[in-house]
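File shown: query-v4.txt. Contents: compact mmCIF, C-alpha atoms.
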# COMPACT_ATOMS: atom_id res chain seq x y z
CA MET U 1 -1.57 -11.46 -24.61
CA LYS U 2 -0.17 -12.30 -21.19
CA THR U 3 -1.85 -14.57 -18.72
CA HIS U 4 -2.65 -13.54 -15.18
CA PHE U 5 -2.16 -10.34 -13.22
CA HIS U 6 -2.48 -10.39 -9.42
CA ILE U 7 -2.93 -7.32 -7.26
CA THR U 8 -2.58 -7.67 -3.51
CA ASN U 9 -2.10 -5.65 -0.36
CA GLY U 10 1.63 -5.71 0.30
CA ASP U 11 4.97 -7.39 -0.10
CA ALA U 12 4.39 -10.40 2.16
CA ALA U 13 1.34 -11.59 0.22
CA ALA U 14 2.97 -10.58 -3.08
CA ASP U 15 6.06 -12.65 -2.29
CA ALA U 16 3.92 -15.69 -1.46
CA LEU U 17 2.04 -15.29 -4.75
CA LYS U 18 5.28 -14.88 -6.73
CA GLN U 19 6.66 -18.08 -5.22
CA SER U 20 3.43 -20.04 -5.61
CA ASN U 21 2.54 -22.28 -8.52
CA ILE U 22 -0.25 -19.95 -9.69
CA GLY U 23 1.92 -18.06 -12.13
CA GLY U 24 1.47 -14.55 -13.47
CA ASP U 25 2.64 -11.06 -12.64
CA VAL U 26 2.13 -9.59 -9.18
CA LEU U 27 1.61 -6.02 -8.03
CA PRO U 28 1.69 -5.14 -4.31
CA TRP U 29 -0.57 -2.17 -3.53
CA ARG U 30 1.71 -0.41 -1.06
CA ASP U 31 -0.18 2.31 0.76
CA PRO U 32 -1.14 2.54 4.45
CA MET U 33 -4.48 4.16 3.43
CA VAL U 34 -5.61 5.25 6.94
CA ASP U 35 -2.72 7.64 7.19
CA GLY U 36 -2.44 10.94 5.36
CA PRO U 37 -4.52 12.69 2.74
CA PHE U 38 -6.72 11.30 -0.01
CA PRO U 39 -8.33 14.50 -1.26
CA THR U 40 -11.43 14.29 -3.37
CA GLY U 41 -11.59 14.85 -7.11
CA LEU U 42 -8.10 13.70 -8.10
CA ASP U 43 -7.26 10.96 -10.55
CA LEU U 44 -4.91 8.14 -9.61
CA ALA U 45 -1.77 9.91 -10.84
CA ALA U 46 -2.54 13.09 -8.90
CA THR U 47 -3.52 11.08 -5.82
CA SER U 48 -0.22 9.21 -6.00
CA ARG U 49 1.69 12.51 -6.05
CA ILE U 50 -0.16 13.62 -2.90
CA ARG U 51 0.52 10.26 -1.26
CA ALA U 52 4.21 10.45 -2.14
CA ASP U 53 4.43 13.96 -0.68
CA TYR U 54 2.90 12.69 2.54
CA LEU U 55 4.66 9.36 2.91
CA SER U 56 8.17 10.53 2.04
CA GLY U 57 10.42 11.92 4.71
CA SER U 58 13.72 11.28 6.35
CA ALA U 59 13.31 7.50 5.98
CA LEU U 60 11.99 7.44 2.45
CA ALA U 61 13.26 9.88 -0.15
CA HIS U 62 10.53 11.66 -2.07
CA ASP U 63 11.82 10.61 -5.49
CA GLN U 64 11.90 6.96 -4.41
CA VAL U 65 8.36 7.01 -3.05
CA LEU U 66 7.00 8.88 -6.07
CA ARG U 67 8.82 6.52 -8.45
CA ASP U 68 7.29 3.47 -6.79
CA PHE U 69 3.80 4.95 -6.93
CA ARG U 70 4.26 5.79 -10.62
CA LEU U 71 5.58 2.33 -11.43
CA ARG U 72 2.66 0.82 -9.54
CA ASP U 73 0.18 2.95 -11.47
CA ASP U 74 1.90 2.17 -14.78
CA HIS U 75 1.62 -1.54 -14.11
CA LEU U 76 -2.04 -1.17 -13.14
CA ALA U 77 -2.66 0.64 -16.42
CA ALA U 78 -1.32 -2.45 -18.21
CA ALA U 79 -4.24 -4.51 -16.86
CA ALA U 80 -5.90 -4.66 -20.28
CA ASN U 81 -2.90 -6.65 -21.58
CA TYR U 82 -3.79 -9.62 -19.39
CA ASP U 83 -6.33 -12.39 -19.82
CA ALA U 84 -7.30 -12.16 -16.17
CA VAL U 85 -6.78 -9.83 -13.24
CA THR U 86 -7.29 -11.10 -9.70
CA LEU U 87 -7.45 -8.93 -6.61
CA TRP U 88 -6.24 -10.73 -3.48
CA PHE U 89 -7.38 -9.08 -0.30
CA GLU U 90 -8.48 -9.80 3.24
CA HIS U 91 -11.22 -8.52 5.48
CA ASP U 92 -9.43 -5.77 7.35
CA LEU U 93 -9.77 -2.01 7.05
CA LEU U 94 -6.54 -1.51 5.12
CA ASP U 95 -7.62 -4.00 2.49
CA GLN U 96 -11.22 -2.86 2.24
CA LEU U 97 -10.00 0.65 1.45
CA GLN U 98 -7.54 -0.74 -1.10
CA ILE U 99 -10.40 -2.68 -2.70
CA LEU U 100 -12.37 0.56 -3.02
CA GLN U 101 -9.45 2.41 -4.58
CA VAL U 102 -8.49 -0.34 -7.02
CA LEU U 103 -12.06 -1.11 -8.09
CA ASP U 104 -12.77 2.60 -8.46
CA TRP U 105 -9.99 2.65 -11.04
CA PHE U 106 -11.24 -0.52 -12.76
CA ALA U 107 -14.77 0.89 -12.95
CA ASP U 108 -13.53 3.36 -15.58
CA ALA U 109 -10.86 1.18 -17.16
CA GLU U 110 -11.26 -0.24 -20.63
CA ILE U 111 -10.60 -3.91 -20.01
CA SER U 112 -13.33 -5.56 -22.03
CA HIS U 113 -11.10 -8.55 -22.92
CA THR U 114 -9.81 -9.07 -19.39
CA ARG U 115 -11.63 -11.09 -16.77
CA LEU U 116 -11.62 -9.23 -13.45
CA GLY U 117 -11.97 -11.32 -10.31
CA ILE U 118 -11.54 -11.01 -6.58
CA ILE U 119 -10.53 -13.21 -3.66
CA CYS U 120 -11.31 -11.74 -0.25
CA VAL U 121 -11.06 -13.86 2.89
CA ASP U 122 -11.25 -13.43 6.64
CA ALA U 123 -9.97 -16.87 7.65
CA PHE U 124 -7.68 -19.68 6.61
CA PRO U 125 -7.73 -23.22 8.02
CA GLY U 126 -5.06 -23.67 10.68
CA ILE U 127 -4.06 -19.99 10.84
CA LEU U 128 -5.24 -18.53 14.14
CA PRO U 129 -5.56 -15.69 14.58
CA PHE U 130 -5.88 -14.99 10.87
CA ARG U 131 -4.65 -11.45 10.32
CA GLY U 132 -4.03 -11.54 6.61
CA LEU U 133 -2.73 -13.12 3.43
CA GLY U 134 0.81 -12.22 4.42
CA GLN U 135 0.72 -15.06 6.96
CA LEU U 136 0.26 -17.67 4.24
CA ASP U 137 3.07 -19.58 2.57
CA PRO U 138 3.12 -20.06 -1.22
CA ALA U 139 1.35 -23.44 -1.08
CA GLN U 140 -1.34 -22.11 1.25
CA ILE U 141 -2.06 -18.97 -0.73
CA ALA U 142 -2.29 -20.98 -3.95
CA THR U 143 -5.24 -22.93 -2.55
CA LEU U 144 -7.28 -19.72 -2.43
CA ILE U 145 -7.43 -19.47 -6.21
CA ASP U 146 -10.57 -21.64 -6.05
CA ARG U 147 -12.23 -18.83 -4.09
CA ARG U 148 -11.91 -16.41 -6.99
CA VAL U 149 -15.21 -14.87 -8.07
CA PRO U 150 -15.86 -12.42 -10.90
CA VAL U 151 -16.15 -8.75 -9.98
CA THR U 152 -19.67 -7.65 -10.81
CA PRO U 153 -20.92 -4.31 -12.19
CA ALA U 154 -22.73 -3.81 -8.86
CA GLN U 155 -19.42 -4.13 -7.01
CA LEU U 156 -17.74 -1.67 -9.34
CA ALA U 157 -20.52 0.88 -8.86
CA LEU U 158 -20.50 0.42 -5.07
CA ALA U 159 -16.72 0.71 -4.98
CA GLN U 160 -16.85 4.01 -6.83
CA ALA U 161 -19.44 5.34 -4.40
CA GLY U 162 -17.44 4.09 -1.41
CA TRP U 163 -14.19 5.56 -2.69
CA ALA U 164 -15.90 8.92 -3.26
CA ALA U 165 -17.30 8.81 0.29
CA PHE U 166 -13.88 8.00 1.76
CA ARG U 167 -12.30 10.92 -0.08
CA SER U 168 -15.05 13.39 0.71
CA SER U 169 -14.23 16.28 3.05
CA ASP U 170 -17.48 15.43 4.82
CA PRO U 171 -17.08 12.00 6.46
CA ARG U 172 -20.83 11.77 7.02
CA GLU U 173 -20.90 10.60 3.41
CA ILE U 174 -19.38 7.37 4.72
CA GLU U 175 -22.30 7.01 7.11
CA THR U 176 -24.68 7.53 4.21
CA TYR U 177 -22.73 4.93 2.22
CA LEU U 178 -23.04 2.48 5.10
CA GLN U 179 -26.82 2.67 4.78
CA ARG U 180 -26.58 1.05 1.35
CA ASP U 181 -26.81 -2.67 0.71
CA LEU U 182 -23.15 -3.67 0.97
CA ARG U 183 -23.58 -7.44 1.02
CA VAL U 184 -21.46 -7.79 -2.11
CA PHE U 185 -18.58 -6.55 0.06
CA PRO U 186 -19.16 -8.69 3.16
CA PHE U 187 -16.39 -7.07 5.23
CA MET U 188 -16.82 -3.44 4.18
CA LYS U 189 -19.33 -2.33 6.80
CA ALA U 190 -17.32 -3.48 9.82
CA ALA U 191 -14.15 -2.02 8.32
CA LEU U 192 -15.63 1.43 7.63
CA LEU U 193 -17.27 1.56 11.05
CA ARG U 194 -13.84 0.93 12.55
CA TYR U 195 -12.47 3.69 10.33
CA LEU U 196 -14.97 6.22 11.70
CA GLN U 197 -13.73 5.44 15.20
CA GLU U 198 -10.39 6.99 14.26
CA PHE U 199 -12.03 10.42 14.28
CA PRO U 200 -11.58 12.34 17.56
CA SER U 201 -13.96 10.98 20.13
CA ALA U 202 -16.86 13.18 21.27
CA SER U 203 -16.04 12.23 24.86
CA ASN U 204 -12.30 13.03 25.11
CA GLY U 205 -10.99 13.99 21.66
CA LEU U 206 -8.92 10.85 21.15
CA GLY U 207 -9.23 8.62 18.11
CA ARG U 208 -9.62 4.95 18.96
CA THR U 209 -5.98 4.03 18.31
CA ASP U 210 -4.73 6.84 20.54
CA GLN U 211 -7.27 5.86 23.19
CA GLN U 212 -6.04 2.25 23.06
CA ILE U 213 -2.41 3.35 23.35
CA LEU U 214 -3.12 5.49 26.41
CA GLN U 215 -5.22 2.75 27.99
CA LEU U 216 -2.58 0.07 27.42
CA ILE U 217 0.08 2.29 28.96
CA SER U 218 -2.20 3.09 31.86
CA ASP U 219 -2.62 -0.66 32.35
CA GLY U 220 1.14 -1.01 32.72
CA MET U 221 2.41 -1.79 29.23
CA ASP U 222 5.26 0.56 28.58
CA ARG U 223 7.43 -0.84 25.78
CA PRO U 224 6.76 0.35 22.23
CA GLY U 225 7.22 -3.04 20.57
CA ARG U 226 4.86 -4.77 22.97
CA LEU U 227 2.38 -1.93 22.66
CA PHE U 228 2.26 -2.50 18.93
CA GLY U 229 1.46 -6.18 19.44
CA ALA U 230 -1.07 -5.51 22.19
CA ASN U 231 -2.83 -2.86 20.13
CA MET U 232 -3.13 -5.35 17.29
CA GLU U 233 -4.86 -7.77 19.69
CA LEU U 234 -7.51 -5.11 20.32
CA GLU U 235 -8.33 -4.83 16.63
CA THR U 236 -10.64 -6.95 14.54
CA SER U 237 -10.13 -4.85 11.44
CA LEU U 238 -6.41 -4.21 11.21
CA PHE U 239 -4.96 -1.30 9.34
CA LEU U 240 -1.88 -0.07 11.16
CA GLY U 241 1.61 -1.17 10.30
CA ASP U 242 4.39 -0.56 12.81
CA TRP U 243 5.51 2.69 11.13
CA SER U 244 2.03 4.18 11.30
CA PHE U 245 1.55 2.93 14.86
CA PHE U 246 4.76 4.58 16.02
CA GLN U 247 3.65 7.79 14.30
CA HIS U 248 0.67 7.76 16.67
CA ILE U 249 3.05 7.53 19.64
CA HIS U 250 5.08 10.39 18.17
CA GLY U 251 1.90 12.45 17.98
CA LEU U 252 1.10 11.83 21.63
CA CYS U 253 4.63 12.21 22.95
CA ASN U 254 6.75 14.57 20.88
CA VAL U 255 4.43 17.57 21.06
CA ARG U 256 4.11 20.86 22.93
CA GLN U 257 1.82 19.46 25.64
CA PRO U 258 2.43 15.72 25.53
CA LEU U 259 0.05 13.07 26.80
CA LEU U 260 2.93 10.58 26.95
CA HIS U 261 6.42 10.76 28.35
CA CYS U 262 9.22 8.59 27.04
CA ASP U 263 12.26 7.56 29.07
CA PRO U 264 15.19 7.96 28.82
CA ASN U 265 15.12 10.88 26.32
CA GLY U 266 11.76 12.50 26.98
CA GLU U 267 10.96 12.18 23.29
CA PHE U 268 9.96 8.95 21.59
CA ARG U 269 12.43 7.83 18.92
CA SER U 270 11.76 5.18 16.32
CA PRO U 271 13.24 3.77 13.15
CA PRO U 272 13.31 4.16 10.22
CA GLU U 273 13.33 7.97 10.66
CA LEU U 274 16.30 7.52 12.94
CA ALA U 275 19.00 4.95 12.37
CA LEU U 276 18.31 3.74 15.87
CA PRO U 277 19.95 0.57 17.20
CA ALA U 278 17.29 -2.00 18.12
CA ALA U 279 18.48 -2.12 21.73
CA GLU U 280 18.11 1.63 22.08
CA PHE U 281 14.62 1.54 20.58
CA LEU U 282 13.55 -1.35 22.81
CA GLN U 283 14.95 0.35 25.92
CA GLN U 284 12.40 3.14 25.70
CA ARG U 285 9.63 3.20 28.29
CA LEU U 286 6.40 5.10 27.88
CA SER U 287 4.26 6.56 30.63
CA LEU U 288 1.26 8.85 30.89
CA THR U 289 1.83 12.50 31.69
CA GLU U 290 -0.60 14.28 34.00
CA SER U 291 -2.31 15.63 30.86
CA GLY U 292 -2.54 12.10 29.50
CA ARG U 293 -4.21 10.89 32.69
CA GLU U 294 -6.70 13.77 32.56
CA VAL U 295 -7.63 13.01 28.95
CA LEU U 296 -7.90 9.29 29.54
CA ALA U 297 -10.21 9.95 32.51
CA GLY U 298 -12.37 12.15 30.29
CA ALA U 299 -11.74 15.16 32.53
CA VAL U 300 -10.10 17.20 29.74
CA ASP U 301 -10.53 17.00 25.98
CA ALA U 302 -7.39 16.06 24.06
CA ALA U 303 -7.96 19.11 21.85
CA ALA U 304 -6.96 21.24 24.83
CA TYR U 305 -3.44 19.78 24.70
CA LEU U 306 -2.85 18.51 21.19
CA ASP U 307 -2.60 20.60 18.04
CA PHE U 308 -4.62 18.52 15.59
CA ASP U 309 -3.26 18.58 12.07
CA TYR U 310 -3.74 15.30 10.29
CA TRP U 311 -5.78 13.70 7.55
CA LEU U 312 -8.23 10.84 7.51
CA GLY U 313 -9.14 10.14 3.89
CA GLY U 314 -10.50 13.38 2.48
CA VAL U 315 -10.92 15.06 5.87
CA HIS U 316 -8.30 17.47 7.20
CA ILE U 317 -8.58 17.41 10.96
CA ILE U 318 -7.07 20.64 12.18
CA SER U 319 -7.32 22.55 15.45
CA GLY U 320 -9.31 25.76 15.31
CA LYS U 321 -11.67 24.47 12.62
CA PRO U 322 -14.99 22.66 13.06
CA LEU U 323 -14.22 19.03 13.91
CA PHE U 324 -16.03 15.85 13.03
CA ARG U 325 -16.08 13.71 16.15
CA TRP U 326 -17.11 10.13 16.71
CA ASN U 327 -19.89 9.74 19.24
CA ALA U 328 -19.46 6.13 20.35
CA ALA U 329 -22.67 6.05 22.38
CA ALA U 330 -24.77 7.23 19.45
CA GLY U 331 -22.65 5.32 16.94
CA LYS U 332 -22.31 8.29 14.62
CA LEU U 333 -20.26 11.32 13.72
CA GLU U 334 -21.13 14.78 14.92
CA LEU U 335 -19.76 18.14 13.89
CA SER U 336 -18.43 20.25 16.74
CA GLN U 337 -17.36 23.89 16.42
CA MET C 1 10.46 -10.24 -45.62
CA LYS C 2 8.17 -13.19 -44.93
CA HIS C 3 7.94 -14.32 -41.28
CA ALA C 4 10.59 -11.86 -40.13
CA PRO C 5 11.34 -12.28 -36.43
CA VAL C 6 9.39 -9.74 -34.40
CA LEU C 7 11.37 -7.64 -31.94
CA ASP C 8 9.46 -6.42 -28.90
CA PRO C 9 9.80 -2.61 -29.07
CA VAL C 10 9.81 -2.41 -25.27
CA PHE C 11 13.16 -4.19 -25.20
CA HIS C 12 14.45 -2.90 -28.53
CA GLN C 13 16.10 0.19 -27.13
CA THR C 14 19.71 0.18 -26.05
CA LEU C 15 19.28 1.17 -22.44
CA ARG C 16 16.19 -0.98 -21.87
CA THR C 17 18.01 -3.98 -23.34
CA HIS C 18 20.75 -3.41 -20.77
CA ILE C 19 18.23 -2.92 -17.96
CA ALA C 20 16.36 -6.09 -18.91
CA ALA C 21 19.60 -8.07 -19.12
CA LEU C 22 20.43 -7.05 -15.55
CA LEU C 23 16.93 -7.49 -14.14
CA SER C 24 16.46 -10.89 -15.71
CA VAL C 25 19.23 -12.21 -13.45
CA ARG C 26 18.44 -10.65 -10.05
CA GLY C 27 16.80 -7.74 -8.29
CA TYR C 28 18.50 -4.34 -8.44
CA SER C 29 17.82 -1.18 -6.50
CA PHE C 30 17.47 2.08 -8.40
CA SER C 31 20.91 3.28 -7.28
CA GLU C 32 22.52 -0.04 -8.25
CA LEU C 33 20.98 0.20 -11.70
CA LYS C 34 22.04 3.81 -11.99
CA SER C 35 25.67 3.05 -11.27
CA ALA C 36 25.70 -0.11 -13.38
CA LEU C 37 24.34 1.78 -16.38
CA ASP C 38 25.82 5.24 -15.74
CA VAL C 39 22.58 7.09 -16.48
CA THR C 40 20.69 10.00 -14.96
CA ASP C 41 17.76 9.52 -12.56
CA GLY C 42 15.30 10.90 -15.10
CA ASN C 43 16.51 8.68 -17.90
CA LEU C 44 16.41 5.52 -15.78
CA ASP C 45 13.00 6.49 -14.39
CA ALA C 46 11.57 6.85 -17.89
CA HIS C 47 12.84 3.45 -19.01
CA LEU C 48 11.64 1.67 -15.86
CA ARG C 49 8.21 3.20 -16.45
CA LYS C 50 8.22 1.89 -19.99
CA LEU C 51 8.94 -1.62 -18.67
CA SER C 52 6.28 -1.31 -15.98
CA SER C 53 3.70 -0.03 -18.48
CA ALA C 54 4.19 -3.28 -20.38
CA GLY C 55 3.74 -5.31 -17.18
CA TYR C 56 7.36 -6.43 -17.37
CA LEU C 57 8.53 -5.11 -14.01
CA HIS C 58 8.22 -6.56 -10.54
CA SER C 59 9.25 -4.77 -7.39
CA ARG C 60 9.88 -5.78 -3.82
CA MET C 61 10.37 -3.50 -0.84
CA ILE C 62 13.20 -4.53 1.46
CA LEU C 63 13.03 -3.27 5.03
CA ALA C 64 16.72 -2.97 5.75
CA GLU C 65 18.21 -0.11 7.77
CA ARG C 66 16.55 2.15 5.21
CA PRO C 67 13.63 0.76 3.21
CA LYS C 68 14.58 0.24 -0.41
CA THR C 69 12.89 -1.19 -3.47
CA LEU C 70 14.40 -3.91 -5.60
CA TYR C 71 13.27 -4.29 -9.21
CA ASP C 72 13.38 -7.37 -11.37
CA LEU C 73 11.57 -8.67 -14.43
CA SER C 74 8.10 -10.10 -13.92
CA PRO C 75 7.39 -13.60 -15.30
CA SER C 76 5.81 -12.05 -18.40
CA GLY C 77 8.83 -9.75 -18.68
CA LYS C 78 11.22 -12.71 -18.48
CA ARG C 79 9.27 -14.58 -21.15
CA ALA C 80 9.13 -11.53 -23.40
CA PHE C 81 12.85 -10.84 -22.95
CA ALA C 82 13.70 -14.47 -23.77
CA ASP C 83 11.53 -14.18 -26.91
CA TYR C 84 13.28 -10.91 -27.76
CA LEU C 85 16.70 -12.57 -27.52
CA VAL C 86 15.54 -15.47 -29.72
CA ALA C 87 14.21 -13.02 -32.32
CA LEU C 88 17.41 -10.98 -32.19
CA LYS C 89 19.54 -14.09 -32.67
CA ALA C 90 17.37 -15.11 -35.62
CA ILE C 91 17.88 -11.72 -37.26
CA ILE C 92 21.62 -11.89 -36.67
CA LYS C 93 21.69 -15.38 -38.15
CA ILE C 94 19.82 -14.23 -41.28
CA ALA C 95 22.04 -11.15 -41.59
CA SER C 96 25.21 -13.24 -41.17
CA ALA C 97 24.07 -15.68 -43.85
CA LYS C 98 23.32 -12.82 -46.26
CA THR C 99 26.67 -11.17 -45.55
CA ARG C 100 28.48 -14.45 -46.27
CA LEU C 101 26.58 -14.81 -49.55
CA ALA C 102 27.39 -11.25 -50.55
CA ARG C 103 31.11 -11.83 -49.91
CA ARG C 104 31.25 -14.82 -52.24

Structure rendered as structure tokens:
Amino acid sequence: MKTHFHITNGDAAADALKQSNIGGDVLPWRDPMVDGPFPTGLDLAATSRIRADYLSGSALAHDQVLRDFRLRDDHLAAAANYDAVTLWFEHDLLDQLQILQVLDWFADAEISHTRLGIICVDAFPGILPFRGLGQLDPAQIATLIDRRVPVTPAQLALAQAGWAAFRSSDPREIETYLQRDLRVFPFMKAALLRYLQEFPSASNGLGRTDQQILQLISDGMDRPGRLFGANMELETSLFLGDWSFFQHIHGLCNVRQPLLHCDPNGEFRSPPELALPAAEFLQQRLSLTESGREVLAGAVDAAAYLDFDYWLGGVHIISGKPLFRWNAAAGKLELSQ
Amino acid sequence: MKHAPVLDPVFHQTLRTHIAALLSVRGYSFSELKSALDVTDGNLDAHLRKLSSAGYLHSRMILAERPKTLYDLSPSGKRAFADYLVALKAIIKIASAKTRLARR
């Protein structure tokens, strides 16, 4: 029997745990979650194949991505070999979705001899602003072990329901889920509400991230690196890494009727898809096109210019089909034809 | 045989012994392992999965020019591999002693 198995949100927190004095084996749960499909009804292995198909591309070879998902899932399946499993997560949207996915798996796992616990924090003394566990050094992260609490059957059941709602093709199931008593997951409600704001807005068709990007550029911020930082400042429930953020800019810029223009090439270019020298990447300047100004002003719906074809959880958002839109004033989703 | 040293079956396979010997020292990428061991992708994949299924594998993503993953042994993997080597040495010692006796 081994000792302790730690599961956390990414490599920065995993590295801190590995170097800390806590001991045990560490598994980073690498998945951007709010990016690409999570279709309903698939087990973890099948979901990982779908994720690998989506996340691989010119920067990441498919076999490499699929291998890492499989190795991750194999290690997870070894959980029963350990005396204790601890989930280390923070309050943000990325982590709350990872909690749902991991606990959904544990809800059906046979780990009767393994103690399952969780540490989930939204602050750390002296770290301001606190964005996540990845900011902590090994000594700091080790102090959080005292915050470990057992995962309860109620949490497992709620996680399964939440994970099913996230993967449903009808995102109103998330709204129904939010009506439940979620106090055992103190950060889940805020995180999932933020998630719903990524659906195309009822007022101009932009998801909240795209709206923030256009607004920041309209306010005079034109460099991609600074935009990433400034967008992060606007979030209380983070979920976007730089790769995913730049994919949003791609989707607004490198399209048939762009809302953004990028100098000097017209198209936005970003690593790691392109082996782009840092200076060349940083040189780029973004500005609103006339279409972008119209959409930002609410005069034209983004759907008039952009061909929607992307996934949020189990929902395929595609032009020409009925769309779920986020009505910010009403604070709920609505289905538009 | 009473109290025969126990060999961990996860490591008691030629290629996995080689993989563990490399990964116990430092992190290797998949392509580094492949060239060091002269094996096919599928073969190496299968053996890495066996190590991971035992909880013996750690990984770390490096964001270089192209993101790549480095693999090494987890702490439990390092302990288990050290135990495996001790058990193997014990068996060799017993076998050597018996061979010497037989030659007399």

**Request:** Select residues of chain C: the criterion is any atom within 12 Å of an atom of chain U, counting all atoms listed in the file; output as a PyMOL selection string.
**Result:** chain C and resi 29-31+41-42+44-80

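Using all atoms listed in the file, the set of residues no farther than 8 Å from the position (-6.6, -4.0, 9.7) comprises His91, Asp92, Leu93, Leu94, Asp95, Arg131, Ala191, Glu235, Thr236, Ser237, Leu238, Phe239 and Leu240 of chain U.
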
**Request:** Tell me, as a PyMOL selection string, which residues lie within 10 Å of region 31-34 of chain U, counting all atoms listed in the file; anything in the same chain fewer than 6 positions away does not count.
**Result:** chain U and resi 9-10+48+51-52+55+69+93-98+101+195+198+239-241+243-244+311-313

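As for CA of Phe187 (chain U) and CA of Ala330 (chain U), they are spaced 21.8 Å apart.
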
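Excluding region 11-14 of chain C itself and same-chain residues fewer than 3 positions from it, the residues having an atom within 9 Å of it are Leu7, Asp8, Thr17, His18, Ile19, Ala20, Leu51, Ala80, Phe81 and Tyr84 of chain C, counting only C-alpha atoms.
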
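Put simply, CA of Gly266 (chain U) is 26.0 Å away from CA of Tyr54 (chain U).
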
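A straight line drawn from CA of Pro5 (chain C) to CA of Leu88 (chain C) is 7.5 Å long.
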
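Near region 120-124 of chain U, within a cut-off of 7 Å and counting only C-alpha atoms, sit the residues Trp88, Phe89, Glu90, His91 and Phe130 of chain U, with same-chain residues fewer than 5 positions away left out.
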
Axis-aligned box for all listed atoms of region 20-30 of chain C, 3 Å per side, centre and edges in Å to one decimal, as JSON:
{"center_x": 18.4, "center_y": -5.1, "center_z": -12.8, "size_x": 10.1, "size_y": 20.3, "size_z": 18.6}

**Message:** Need the shell around Pro322 (chain U): protein/DNA/RNA residues with any atom at most 7 Å away, counting only C-alpha atoms. Skip same-chain ones fewer than 2 positions apart. Format as a PyMOL selection string?
**Reply:** chain U and resi 320+324+335-337
